[in-house]
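Trainee: target.txt is the file, holding compact mmCIF, C-alpha atoms:
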# COMPACT_ATOMS: atom_id res chain seq x y z
CA MET A 160 154.40 21.27 2.69
CA THR A 161 151.74 21.33 5.37
CA ASN A 162 151.56 24.03 7.99
CA ALA A 163 151.21 22.77 11.51
CA SER A 164 147.53 23.33 12.12
CA GLU A 165 145.74 23.61 15.44
CA ASN A 166 143.30 20.79 14.66
CA GLY A 167 145.97 18.14 14.04
CA PHE A 168 146.11 15.37 16.64
CA VAL A 169 149.91 15.17 16.35
CA VAL A 170 151.60 18.48 15.49
CA PHE A 171 155.25 19.36 14.94
CA ASP A 172 155.53 23.14 15.09
CA ARG A 173 158.85 24.52 13.74
CA VAL A 174 160.75 21.62 15.28
CA GLN A 175 164.52 21.44 14.95
CA LYS A 176 167.00 18.90 16.28
CA SER A 177 170.75 19.11 16.60
CA TYR A 178 173.02 16.69 18.48
CA ASP A 179 176.15 18.87 18.45
CA GLY A 180 174.68 22.38 18.54
CA GLU A 181 175.78 23.03 14.95
CA THR A 182 174.43 20.51 12.44
CA LEU A 183 170.64 20.25 12.20
CA VAL A 184 169.42 16.69 11.58
CA VAL A 185 165.82 17.97 11.55
CA LYS A 186 165.30 21.43 10.03
CA ASP A 187 162.28 23.56 10.86
CA LEU A 188 159.71 20.76 10.65
CA ASN A 189 156.01 21.64 10.41
CA LEU A 190 153.75 18.62 10.25
CA SER A 191 150.17 17.88 11.24
CA VAL A 192 148.72 14.37 11.55
CA GLY A 193 144.94 14.01 11.81
CA ARG A 194 143.22 11.80 14.39
CA GLY A 195 142.94 8.25 13.03
CA GLU A 196 145.39 8.96 10.19
CA PHE A 197 148.06 6.47 9.13
CA LEU A 198 151.11 8.60 8.29
CA THR A 199 154.38 7.13 7.08
CA MET A 200 157.71 8.94 7.36
CA LEU A 201 159.76 7.66 4.43
CA GLY A 202 163.32 8.44 3.47
CA PRO A 203 166.89 7.18 3.18
CA SER A 204 169.13 6.55 6.21
CA GLY A 205 170.10 9.79 7.93
CA SER A 206 167.20 11.80 6.48
CA GLY A 207 165.74 12.67 9.92
CA LYS A 208 162.66 10.43 9.94
CA THR A 209 163.65 8.23 12.92
CA THR A 210 164.81 11.27 14.90
CA CYS A 211 161.31 12.77 14.44
CA LEU A 212 159.72 9.54 15.68
CA MET A 213 162.04 9.45 18.71
CA MET A 214 161.21 13.08 19.57
CA LEU A 215 157.50 12.22 19.38
CA ALA A 216 158.07 9.18 21.63
CA GLY A 217 160.07 11.28 24.10
CA PHE A 218 163.39 9.42 23.73
CA GLU A 219 164.91 12.51 22.10
CA THR A 220 164.32 16.18 22.93
CA ALA A 221 163.62 18.84 20.31
CA THR A 222 166.32 21.54 20.22
CA HIS A 223 163.73 24.09 19.08
CA GLY A 224 159.96 24.20 18.49
CA ASP A 225 156.98 22.36 19.97
CA ILE A 226 155.48 18.90 19.61
CA LEU A 227 151.79 18.74 20.49
CA LEU A 228 149.56 15.75 21.12
CA GLY A 229 145.81 16.40 21.21
CA GLY A 230 146.53 20.14 21.36
CA LYS A 231 148.84 19.93 24.40
CA PRO A 232 152.65 20.42 24.27
CA ILE A 233 154.45 17.20 25.23
CA ASN A 234 158.09 18.38 25.02
CA ASN A 235 158.56 18.08 28.80
CA ILE A 236 156.44 14.97 29.42
CA PRO A 237 158.52 11.78 29.96
CA PRO A 238 157.98 8.89 27.49
CA HIS A 239 156.01 6.62 29.85
CA LYS A 240 153.49 9.38 30.57
CA ARG A 241 152.73 10.18 26.93
CA GLY A 242 150.39 7.19 26.55
CA ILE A 243 151.94 6.20 23.22
CA GLY A 244 152.25 2.59 21.95
CA MET A 245 155.60 1.67 20.36
CA VAL A 246 156.62 -1.13 17.98
CA PHE A 247 160.29 -1.60 17.02
CA GLN A 248 162.05 -3.81 14.48
CA ASN A 249 163.74 -5.89 17.18
CA TYR A 250 160.42 -6.69 18.97
CA ALA A 251 161.95 -5.75 22.40
CA LEU A 252 159.99 -8.50 24.21
CA PHE A 253 161.11 -9.62 27.67
CA PRO A 254 162.60 -13.13 27.12
CA HIS A 255 162.03 -14.32 30.73
CA MET A 256 158.29 -13.51 30.62
CA THR A 257 155.48 -15.41 28.94
CA ILE A 258 153.61 -13.71 26.12
CA ALA A 259 150.70 -12.91 28.46
CA GLU A 260 153.12 -11.42 31.01
CA ASN A 261 154.78 -9.34 28.29
CA LEU A 262 151.38 -7.88 27.40
CA SER A 263 150.38 -7.44 31.02
CA PHE A 264 153.50 -5.43 31.87
CA PRO A 265 152.43 -2.04 30.36
CA LEU A 266 149.08 -2.46 32.17
CA GLU A 267 150.76 -3.12 35.54
CA VAL A 268 152.89 0.00 35.07
CA ARG A 269 149.61 1.89 34.61
CA LYS A 270 148.25 0.37 37.88
CA ILE A 271 145.38 -1.48 36.18
CA GLY A 272 143.72 -4.20 38.32
CA LYS A 273 144.27 -7.94 37.70
CA SER A 274 140.90 -8.91 36.22
CA GLU A 275 140.85 -5.91 33.85
CA ARG A 276 144.47 -6.70 32.89
CA GLU A 277 143.56 -10.27 31.96
CA GLU A 278 140.59 -9.08 29.93
CA LYS A 279 142.71 -6.55 28.00
CA VAL A 280 145.51 -9.10 27.36
CA THR A 281 143.00 -11.62 25.98
CA ARG A 282 141.45 -8.96 23.73
CA ALA A 283 144.86 -7.76 22.44
CA LEU A 284 146.00 -11.32 21.65
CA GLY A 285 142.71 -11.86 19.81
CA MET A 286 143.36 -8.79 17.66
CA VAL A 287 146.55 -10.35 16.28
CA GLN A 288 145.21 -13.94 16.15
CA MET A 289 147.52 -15.16 18.94
CA GLU A 290 144.87 -16.20 21.51
CA THR A 291 146.44 -19.60 22.23
CA PHE A 292 150.02 -18.37 22.68
CA GLY A 293 149.71 -16.57 26.05
CA GLY A 294 151.65 -19.27 28.00
CA ARG A 295 154.64 -19.44 25.65
CA ARG A 296 157.89 -17.48 25.86
CA PRO A 297 159.25 -15.28 23.03
CA ALA A 298 162.02 -17.78 22.15
CA GLN A 299 159.33 -20.36 21.29
CA LEU A 300 157.80 -18.10 18.62
CA SER A 301 158.78 -17.38 15.02
CA GLY A 302 159.82 -13.86 13.96
CA GLY A 303 156.38 -13.16 12.55
CA GLN A 304 154.66 -14.33 15.75
CA GLN A 305 157.00 -12.22 17.90
CA GLN A 306 156.18 -9.18 15.78
CA ARG A 307 152.45 -9.82 16.29
CA VAL A 308 153.02 -9.98 20.04
CA ALA A 309 154.99 -6.71 19.91
CA LEU A 310 152.05 -5.17 18.04
CA ALA A 311 149.56 -6.55 20.60
CA ARG A 312 151.68 -5.14 23.43
CA ALA A 313 151.61 -1.68 21.81
CA LEU A 314 147.80 -1.88 21.53
CA VAL A 315 146.98 -3.54 24.87
CA PHE A 316 146.50 -0.31 26.86
CA GLU A 317 144.38 1.17 24.03
CA PRO A 318 146.63 4.12 23.14
CA GLU A 319 145.35 6.84 20.84
CA LEU A 320 148.73 6.98 19.08
CA VAL A 321 151.01 4.14 17.98
CA LEU A 322 154.55 4.70 16.67
CA MET A 323 156.27 2.05 14.56
CA ASP A 324 159.95 2.11 13.62
CA GLU A 325 160.79 -0.27 10.72
CA PRO A 326 158.66 -2.94 12.45
CA LEU A 327 158.68 -5.41 9.54
CA GLY A 328 162.33 -5.04 8.52
CA ALA A 329 163.40 -8.45 9.87
CA LEU A 330 160.60 -10.47 8.24
CA ASP A 331 160.74 -12.29 4.90
CA LYS A 332 158.98 -10.76 1.88
CA GLN A 333 155.75 -12.79 1.97
CA LEU A 334 155.21 -12.43 5.70
CA ARG A 335 156.09 -8.75 5.52
CA GLU A 336 153.41 -8.14 2.85
CA HIS A 337 150.86 -10.06 4.91
CA MET A 338 151.68 -8.04 8.05
CA GLN A 339 151.46 -4.75 6.12
CA PHE A 340 147.77 -5.38 5.43
CA GLU A 341 147.12 -6.67 8.97
CA ILE A 342 148.64 -3.57 10.59
CA THR A 343 146.81 -1.15 8.27
CA ASN A 344 143.45 -2.89 8.73
CA LEU A 345 143.86 -3.04 12.51
CA ALA A 346 144.84 0.64 12.75
CA HIS A 347 141.81 1.72 10.71
CA GLU A 348 139.46 -0.67 12.50
CA LEU A 349 140.50 0.63 15.93
CA GLY A 350 140.72 4.26 14.75
CA ILE A 351 144.28 4.56 16.05
CA THR A 352 146.53 7.37 14.84
CA THR A 353 149.69 5.71 13.50
CA VAL A 354 153.07 7.21 12.68
CA TYR A 355 155.18 4.65 10.84
CA VAL A 356 158.84 4.94 9.84
CA THR A 357 160.34 2.99 6.93
CA HIS A 358 162.86 3.31 4.11
CA ASP A 359 160.82 0.80 2.05
CA GLN A 360 158.84 2.80 -0.51
CA THR A 361 156.49 -0.08 -1.45
CA GLU A 362 155.56 -0.47 2.22
CA ALA A 363 154.88 3.27 2.49
CA LEU A 364 152.72 3.34 -0.66
CA THR A 365 150.62 0.29 0.27
CA MET A 366 150.01 1.09 3.94
CA SER A 367 149.57 4.84 4.33
CA ASP A 368 146.87 7.47 4.13
CA ASN A 369 149.66 10.02 3.68
CA VAL A 370 153.41 9.79 3.23
CA ALA A 371 155.99 12.38 4.29
CA VAL A 372 159.13 11.94 2.19
CA PHE A 373 162.22 13.04 4.15
CA ASP A 374 165.63 14.03 2.86
CA ASP A 375 168.34 16.07 4.53
CA GLY A 376 166.23 16.81 7.63
CA ARG A 377 163.27 18.23 5.72
CA ILE A 378 159.99 16.98 4.33
CA GLN A 379 160.41 17.08 0.55
CA GLN A 380 156.75 16.27 -0.12
CA LEU A 381 153.73 15.25 1.95
CA ALA A 382 150.89 13.65 0.02
CA ALA A 383 148.66 10.61 -0.46
CA PRO A 384 150.56 7.64 -1.99
CA ASP A 385 149.03 7.95 -5.48
CA LYS A 386 149.73 11.69 -5.66
CA LEU A 387 153.30 11.15 -4.49
CA TYR A 388 153.92 8.60 -7.23
CA GLU A 389 152.03 10.30 -10.06
CA GLU A 390 152.89 13.91 -9.19
CA PRO A 391 156.34 14.17 -7.57
CA GLU A 392 157.17 17.79 -6.75
CA ASN A 393 160.93 17.53 -7.12
CA SER A 394 163.68 15.31 -8.53
CA PHE A 395 164.44 13.68 -5.19
CA VAL A 396 160.86 12.45 -4.72
CA ALA A 397 160.61 11.33 -8.38
CA GLN A 398 163.81 9.28 -8.00
CA PHE A 399 163.12 7.93 -4.51
CA ILE A 400 159.54 6.75 -5.09
CA GLY A 401 159.23 3.93 -7.62
CA GLU A 402 161.18 3.50 -10.83
CA ASN A 403 161.70 6.57 -12.95
CA ASN A 404 163.40 7.69 -16.16
CA THR A 405 165.22 11.01 -16.02
CA MET A 406 166.68 13.05 -18.87
CA LEU A 407 168.67 16.27 -18.46
CA GLY A 408 167.90 19.27 -20.62
CA THR A 409 167.35 23.01 -20.89
CA ILE A 410 164.03 24.86 -20.94
CA GLN A 411 163.32 26.52 -24.31
CA SER A 412 159.91 27.99 -23.49
CA VAL A 413 157.13 27.81 -20.91
CA GLU A 414 153.60 28.79 -21.95
CA ASN A 415 150.01 27.58 -21.49
CA GLY A 416 151.08 24.90 -19.04
CA VAL A 417 153.62 23.34 -21.42
CA ALA A 418 157.41 23.53 -21.13
CA VAL A 419 159.44 22.77 -24.24
CA VAL A 420 162.72 21.14 -23.22
CA GLN A 421 165.77 20.59 -25.37
CA LEU A 422 167.37 17.43 -24.04
CA ASP A 423 171.16 17.24 -23.87
CA SER A 424 170.89 14.79 -26.80
CA GLY A 425 169.41 17.62 -28.91
CA ASP A 426 165.86 16.17 -28.96
CA LEU A 427 162.98 18.57 -28.25
CA ILE A 428 160.13 17.36 -26.03
CA ASP A 429 156.97 18.85 -24.49
CA THR A 430 156.61 18.45 -20.72
CA LYS A 431 154.55 19.65 -17.77
CA PRO A 432 156.46 22.48 -15.97
CA ILE A 433 156.60 21.62 -12.25
CA ASN A 434 159.47 23.58 -10.74
CA VAL A 435 160.77 25.43 -13.78
CA SER A 436 159.58 28.83 -14.94
CA LYS A 437 161.76 30.39 -17.64
CA PRO A 438 163.85 29.67 -20.74
CA GLY A 439 167.50 28.83 -20.13
CA GLU A 440 166.83 26.96 -16.85
CA ARG A 441 168.34 23.50 -16.50
CA THR A 442 165.87 20.74 -15.75
CA ARG A 443 165.64 17.04 -15.04
CA VAL A 444 162.72 15.56 -16.96
CA SER A 445 160.89 12.68 -15.26
CA ILE A 446 158.74 9.99 -16.93
CA ARG A 447 157.50 6.76 -15.31
CA PRO A 448 158.35 3.50 -17.20
CA GLU A 449 154.73 2.39 -17.42
CA ARG A 450 153.68 5.67 -19.08
CA VAL A 451 155.84 4.94 -22.15
CA GLU A 452 154.33 3.01 -25.09
CA PHE A 453 155.87 1.41 -28.18
CA ASN A 454 152.84 -0.25 -29.80
CA LYS A 455 151.97 2.10 -32.68
CA ASP A 456 148.23 1.40 -32.46
CA ARG A 457 148.26 2.36 -28.75
CA LEU A 458 150.12 5.62 -29.27
CA HIS A 459 147.86 8.64 -28.99
CA ALA A 460 147.97 11.15 -31.87
CA ASP A 461 149.35 13.80 -29.45
CA ALA A 462 152.02 11.48 -28.05
CA HIS A 463 155.62 12.63 -28.14
CA THR A 464 157.85 10.09 -29.95
CA LEU A 465 161.56 9.29 -29.94
CA LYS A 466 163.67 6.67 -31.73
CA ALA A 467 165.09 3.96 -29.47
CA GLU A 468 167.24 0.82 -29.60
CA VAL A 469 166.40 -2.23 -27.50
CA VAL A 470 169.26 -3.17 -25.13
CA GLU A 471 167.58 -5.82 -22.97
CA PHE A 472 164.14 -7.43 -22.78
CA ILE A 473 163.17 -9.12 -19.50
CA TYR A 474 160.11 -11.31 -18.98
CA MET A 475 158.82 -10.79 -15.41
CA GLY A 476 155.55 -12.72 -15.51
CA ASP A 477 152.88 -10.02 -15.28
CA ILE A 478 155.03 -7.40 -17.03
CA PHE A 479 157.81 -7.05 -19.58
CA ARG A 480 160.69 -4.78 -18.59
CA THR A 481 162.67 -3.38 -21.50
CA LYS A 482 165.91 -1.42 -21.31
CA LEU A 483 166.51 1.00 -24.20
CA LYS A 484 169.09 3.37 -25.65
CA VAL A 485 167.25 6.62 -26.20
CA ALA A 486 168.16 10.34 -26.24
CA GLY A 487 171.75 9.64 -25.22
CA LEU A 488 170.78 7.33 -22.32
CA ASP A 489 171.66 3.62 -22.14
CA ASP A 490 169.28 2.73 -19.33
CA PHE A 491 165.86 4.10 -20.26
CA ILE A 492 163.27 1.62 -18.90
CA ILE A 493 159.79 0.87 -20.15
CA LYS A 494 157.31 -1.49 -18.51
CA THR A 495 154.49 -3.03 -20.52
CA ARG A 496 151.92 -5.47 -19.25
CA ASN A 497 151.97 -9.06 -20.41
CA ALA A 498 149.01 -9.04 -22.81
CA PRO A 499 148.30 -11.37 -25.78
CA ASP A 500 148.83 -8.50 -28.26
CA GLN A 501 152.01 -7.16 -26.63
CA ARG A 502 155.01 -7.86 -28.86
CA ARG A 503 158.22 -9.23 -27.35
CA LEU A 504 161.21 -7.11 -28.36
CA GLN A 505 164.65 -8.31 -29.43
CA PRO A 506 167.99 -6.74 -28.38
CA GLY A 507 169.33 -4.54 -31.19
CA GLU A 508 165.83 -3.87 -32.59
CA MET A 509 165.07 -0.23 -33.48
CA ILE A 510 161.64 1.01 -32.30
CA GLU A 511 159.73 4.23 -31.76
CA ILE A 512 158.54 5.01 -28.24
CA GLY A 513 156.08 7.66 -27.15
CA TRP A 514 154.26 9.20 -24.21
CA MET A 515 151.76 11.95 -23.48
CA PRO A 516 153.28 15.36 -22.62
CA GLU A 517 151.19 15.58 -19.40
CA ASP A 518 152.85 12.36 -18.12
CA CYS A 519 156.28 13.98 -18.39
CA ARG A 520 157.39 16.40 -15.64
CA ALA A 521 160.08 19.08 -15.85
CA LEU A 522 161.65 19.11 -12.37
CA ASP A 523 164.64 20.78 -10.69
CA ALA A 524 168.01 19.95 -12.20
Would you give me this structure, written as structure tokens?
Mentor:
Amino acid sequence: MTNASENGFVVFDRVQKSYDGETLVVKDLNLSVGRGEFLTMLGPSGSGKTTCLMMLAGFETATHGDILLGGKPINNIPPHKRGIGMVFQNYALFPHMTIAENLSFPLEVRKIGKSEREEKVTRALGMVQMETFGGRRPAQLSGGQQQRVALARALVFEPELVLMDEPLGALDKQLREHMQFEITNLAHELGITTVYVTHDQTEALTMSDNVAVFDDGRIQQLAAPDKLYEEPENSFVAQFIGENNTMLGTIQSVENGVAVVQLDSGDLIDTKPINVSKPGERTRVSIRPERVEFNKDRLHADAHTLKAEVVEFIYMGDIFRTKLKVAGLDDFIIKTRNAPDQRRLQPGEMIEIGWMPEDCRALDA
């Protein structure tokens, strides 16, 4: 967890939010976002991420604590005076206005003169490769084009902070992936601080400098995407980010950075102790599917091995995805890359699988 630091550009300092005076939907949130950082708030529905974004935008009020922007508290500043750009999933474009008029609107509100307005609108449309669309109306554009216009409108008055709430949710997969890169590149190019909300973990991992994983009104872990995936700090993060195998067991010993776990199946395995500390504790052991190997010549001498039965073998183009029965589980997954020397497995086949102890994490039960 990060402590809200004075040098953050966006700071949540012990922020809480309750709608009914009893239940907290955001619980004691401390978060600091650096200037120019692309931070994603990721989590399931009802985890508190959108409420945090709405408090930052000014559409919701914090029940307790302070929200600071550039070192100044903004709790009592109305949304239109915060100078924040917003992009929503539903585009929120004015249907009766042309695209140029839609972009000009936030500039008129800010009392910017006509010639400067036109210059800024042209520049913003250029940023999203929509220069020739200024005369059209939203209904004449595709979903992807409307989302570009919504992005241009959020950038047109050159805000220092842009907030995005599930902005790509309505787009098809290919267009969504294309827009992910466009938004990230644009944000970094312009040096804009971006706070992005999504429940799509792939989107969060590919776009962000840092990701705050929310559950139950709290940040469960805040880290760079690779650290979040490779080094989850608790079972929720391990399960929520990417695919993951989990096995329940009991700690037998913890020494020299190694926890010996007796799985409920009776098997003993060596793991990395993350949030376990003493014998007798229950634990949920986490291992990523791509860290498991079954080719004997690729297994390291120190690898931990278990017997397994192949349940299902799926060809997915670049990878093979194999479901196994192992250590009392019927749905243990391994992913192996499609390489010329990688054997295709048959259902019912008995194999030996293995992994390195440091790739296996003993987490909370």
Trainee: Counting only C-alpha atoms, which of A:Lys482, A:His459, A:His347, A:Arg450 gets nearest to A:Arg496?
Mentor: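 Smallest separation from A:Arg496 among the options: A:Arg450.
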Trainee: Can you work out which one of A:Val246, A:Glu402, A:Arg296, A:Gly272 has the shortest atom-to-atom distance to A:Ala259, counting all atoms listed in the file?
Mentor: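 Going through A:Val246, A:Glu402, A:Arg296, A:Gly272 one by one, the smallest distance to A:Ala259 is for A:Arg296.
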Trainee: In Å, with one decimal, what is the gap from atom CA of A:Met200 to atom CA of A:Val308?
Mentor: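 For atom CA of A:Met200 relative to atom CA of A:Val308, the distance reads 23.3 Å.
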Trainee: Counting only C-alpha atoms, figure out which residue out of A:Leu522, A:Leu320, A:Val485, A:Ala298 gets nearest to A:Met256.
Mentor: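 Counting only C-alpha atoms, the residue closest to A:Met256 is A:Ala298.
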Trainee: Check the smallest atom-to-atom distance from each of A:Asn434, A:Asn166, A:Gln306, A:Gln379 to A:Gly230 using only C-alpha atoms, then report the winner.
Mentor: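 Counting only C-alpha atoms, the residue closest to A:Gly230 is A:Asn166.
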Trainee: In terms of the shortest atom-to-atom distance over only C-alpha atoms, which of A:Ile492, A:Leu300, A:Met515, A:Leu349 is closest to A:Ala460?
Mentor: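 Result for the nearest residue to A:Ala460: A:Met515.
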Trainee: Provide the atom CA of A:Ser367 to atom CA of A:Leu198 distance in Å, to one decimal place.
Mentor: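 Going from atom CA of A:Ser367 over to atom CA of A:Leu198 covers 5.7 Å.
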Trainee: Which residues come within 12 Å of A:Arg282, counting only C-alpha atoms, excluding same-chain residues fewer than 4 positions away, as a compact mmCIF listing (two decimals) with C-alpha atoms, keeping the file's coordinate frame?
Mentor:
# COMPACT_ATOMS: atom_id res chain seq x y z
CA ALA A 259 150.70 -12.91 28.46
CA LEU A 262 151.38 -7.88 27.40
CA SER A 263 150.38 -7.44 31.02
CA GLU A 275 140.85 -5.91 33.85
CA ARG A 276 144.47 -6.70 32.89
CA GLU A 277 143.56 -10.27 31.96
CA GLU A 278 140.59 -9.08 29.93
CA MET A 286 143.36 -8.79 17.66
CA VAL A 287 146.55 -10.35 16.28
CA GLN A 288 145.21 -13.94 16.15
CA MET A 289 147.52 -15.16 18.94
CA GLU A 290 144.87 -16.20 21.51
CA THR A 291 146.44 -19.60 22.23
CA GLY A 293 149.71 -16.57 26.05
CA ALA A 311 149.56 -6.55 20.60
CA ARG A 312 151.68 -5.14 23.43
CA LEU A 314 147.80 -1.88 21.53
CA VAL A 315 146.98 -3.54 24.87
CA PHE A 316 146.50 -0.31 26.86
CA GLU A 317 144.38 1.17 24.03
Trainee: Give, as AutoDock Vina command-line options, the centre coordinates and the x, y and z edge lengths in Å to one decimal for an axis-aligned box around all listed atoms of stretch 329-340 of chain A, padded by 5 Å on each side.
Mentor:
--center_x 155.6 --center_y -8.8 --center_z 5.9 --size_x 25.6 --size_y 18.0 --size_z 18.0
Trainee: Between atom CA of A:Gly328 and atom CA of A:Gly242, what is the distance in Å, rounded to a tenth?
Mentor: 24.8 Å
Trainee: Determine, counting only C-alpha atoms, which protein, DNA and RNA residues have an atom within 9 Å of an atom of A:Gln411; residues of the same chain fewer than 2 positions away are not included. Present the result as JSON, numbers by chain.
Mentor: {"A": [409, 413, 418, 419, 420, 421, 427, 437, 438, 439, 440]}
Trainee: Counting all atoms listed in the file, which residue out of A:Phe399, A:Phe253, A:Thr210, A:Glu348 sits closest to A:Asp324?
Mentor: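 Under the stated criterion, the closest residue is A:Thr210.
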Trainee: With a distance cut-off of 7 Å and all atoms listed in the file, select the neighbouring residues of A:His463, excluding the residue or stretch itself and same-chain residues fewer than 2 positions from it, and output the selection as a ChimeraX atom specification.
Mentor: /A:428,461,513-516
Trainee: Excluding A:Ala524 and any residue of its chain fewer than 4 positions from it, enumerate the residues within 6 Å of it, using only C-alpha atoms, and give them as a list in words.
Mentor: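 That gives Arg441, Thr442 and Arg443 of chain A.
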Trainee: Please produce a file of those selected residues containing C-alpha atoms, as a PDB file, keeping the file's coordinate frame.
Mentor:
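Listed below is the output, result-v2.pdb:
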ATOM      1  CA  ARG A 441     168.340  23.500 -16.500  1.00  0.00           C
ATOM      2  CA  THR A 442     165.870  20.740 -15.750  1.00  0.00           C
ATOM      3  CA  ARG A 443     165.640  17.040 -15.040  1.00  0.00           C
TER       4      ARG A 443
END
Trainee: Residues within 6 Å of (161.8, 20.3, 15.1), file coordinates, counting only C-alpha atoms: what are they? Give the list as JSON, numbers by chain.
Mentor: {"A": [173, 174, 175, 176, 185, 187, 188, 221, 223, 224]}
Trainee: I'd like the neighbourhood of A:Val169 as an MDAnalysis selection string, where a residue qualifies if any of its atoms comes within 10 Å (using all atoms listed in the file), though same-chain residues fewer than 4 positions away should be ignored.
Mentor: chainID A and resid 163:165 190:194 196 215 226:232 320 352:354
Trainee: Quick one: stretch 340-346 of chain A with all heavy atoms, as a compact mmCIF listing (two decimals), keeping the file's coordinate frame?
Mentor:
# COMPACT_ATOMS: atom_id res chain seq x y z
N PHE A 340 149.24 -5.50 5.51
CA PHE A 340 147.77 -5.38 5.43
C PHE A 340 147.14 -5.54 6.81
O PHE A 340 146.20 -4.83 7.14
CB PHE A 340 147.20 -6.42 4.45
CG PHE A 340 147.52 -6.10 3.02
CD1 PHE A 340 148.42 -6.85 2.30
CD2 PHE A 340 146.95 -4.98 2.40
CE1 PHE A 340 148.74 -6.53 0.98
CE2 PHE A 340 147.27 -4.65 1.08
CZ PHE A 340 148.16 -5.43 0.38
N GLU A 341 147.68 -6.46 7.62
CA GLU A 341 147.12 -6.67 8.97
C GLU A 341 147.23 -5.40 9.81
O GLU A 341 146.27 -5.00 10.47
CB GLU A 341 147.89 -7.79 9.67
CG GLU A 341 147.69 -9.13 9.02
CD GLU A 341 147.37 -10.22 10.02
OE1 GLU A 341 147.70 -10.06 11.20
OE2 GLU A 341 146.78 -11.23 9.59
N ILE A 342 148.41 -4.78 9.78
CA ILE A 342 148.64 -3.57 10.59
C ILE A 342 147.72 -2.44 10.13
O ILE A 342 147.08 -1.77 10.94
CB ILE A 342 150.12 -3.14 10.53
CG1 ILE A 342 150.98 -4.14 11.32
CG2 ILE A 342 150.31 -1.73 11.08
CD1 ILE A 342 152.48 -3.92 11.18
N THR A 343 147.65 -2.23 8.80
CA THR A 343 146.81 -1.15 8.27
C THR A 343 145.35 -1.36 8.64
O THR A 343 144.67 -0.44 9.09
CB THR A 343 146.94 -1.08 6.72
OG1 THR A 343 148.31 -1.15 6.38
CG2 THR A 343 146.37 0.20 6.18
N ASN A 344 144.86 -2.60 8.43
CA ASN A 344 143.45 -2.89 8.73
C ASN A 344 143.14 -2.69 10.21
O ASN A 344 142.12 -2.10 10.57
CB ASN A 344 143.10 -4.33 8.32
CG ASN A 344 143.10 -4.50 6.81
OD1 ASN A 344 143.02 -3.51 6.08
ND2 ASN A 344 143.21 -5.72 6.34
N LEU A 345 144.05 -3.16 11.06
CA LEU A 345 143.86 -3.04 12.51
C LEU A 345 143.83 -1.57 12.93
O LEU A 345 142.97 -1.14 13.70
CB LEU A 345 145.01 -3.77 13.21
CG LEU A 345 144.79 -4.31 14.61
CD1 LEU A 345 143.52 -5.14 14.68
CD2 LEU A 345 145.97 -5.17 15.04
N ALA A 346 144.77 -0.79 12.40
CA ALA A 346 144.84 0.64 12.75
C ALA A 346 143.55 1.36 12.36
O ALA A 346 143.00 2.14 13.15
CB ALA A 346 146.03 1.29 12.05
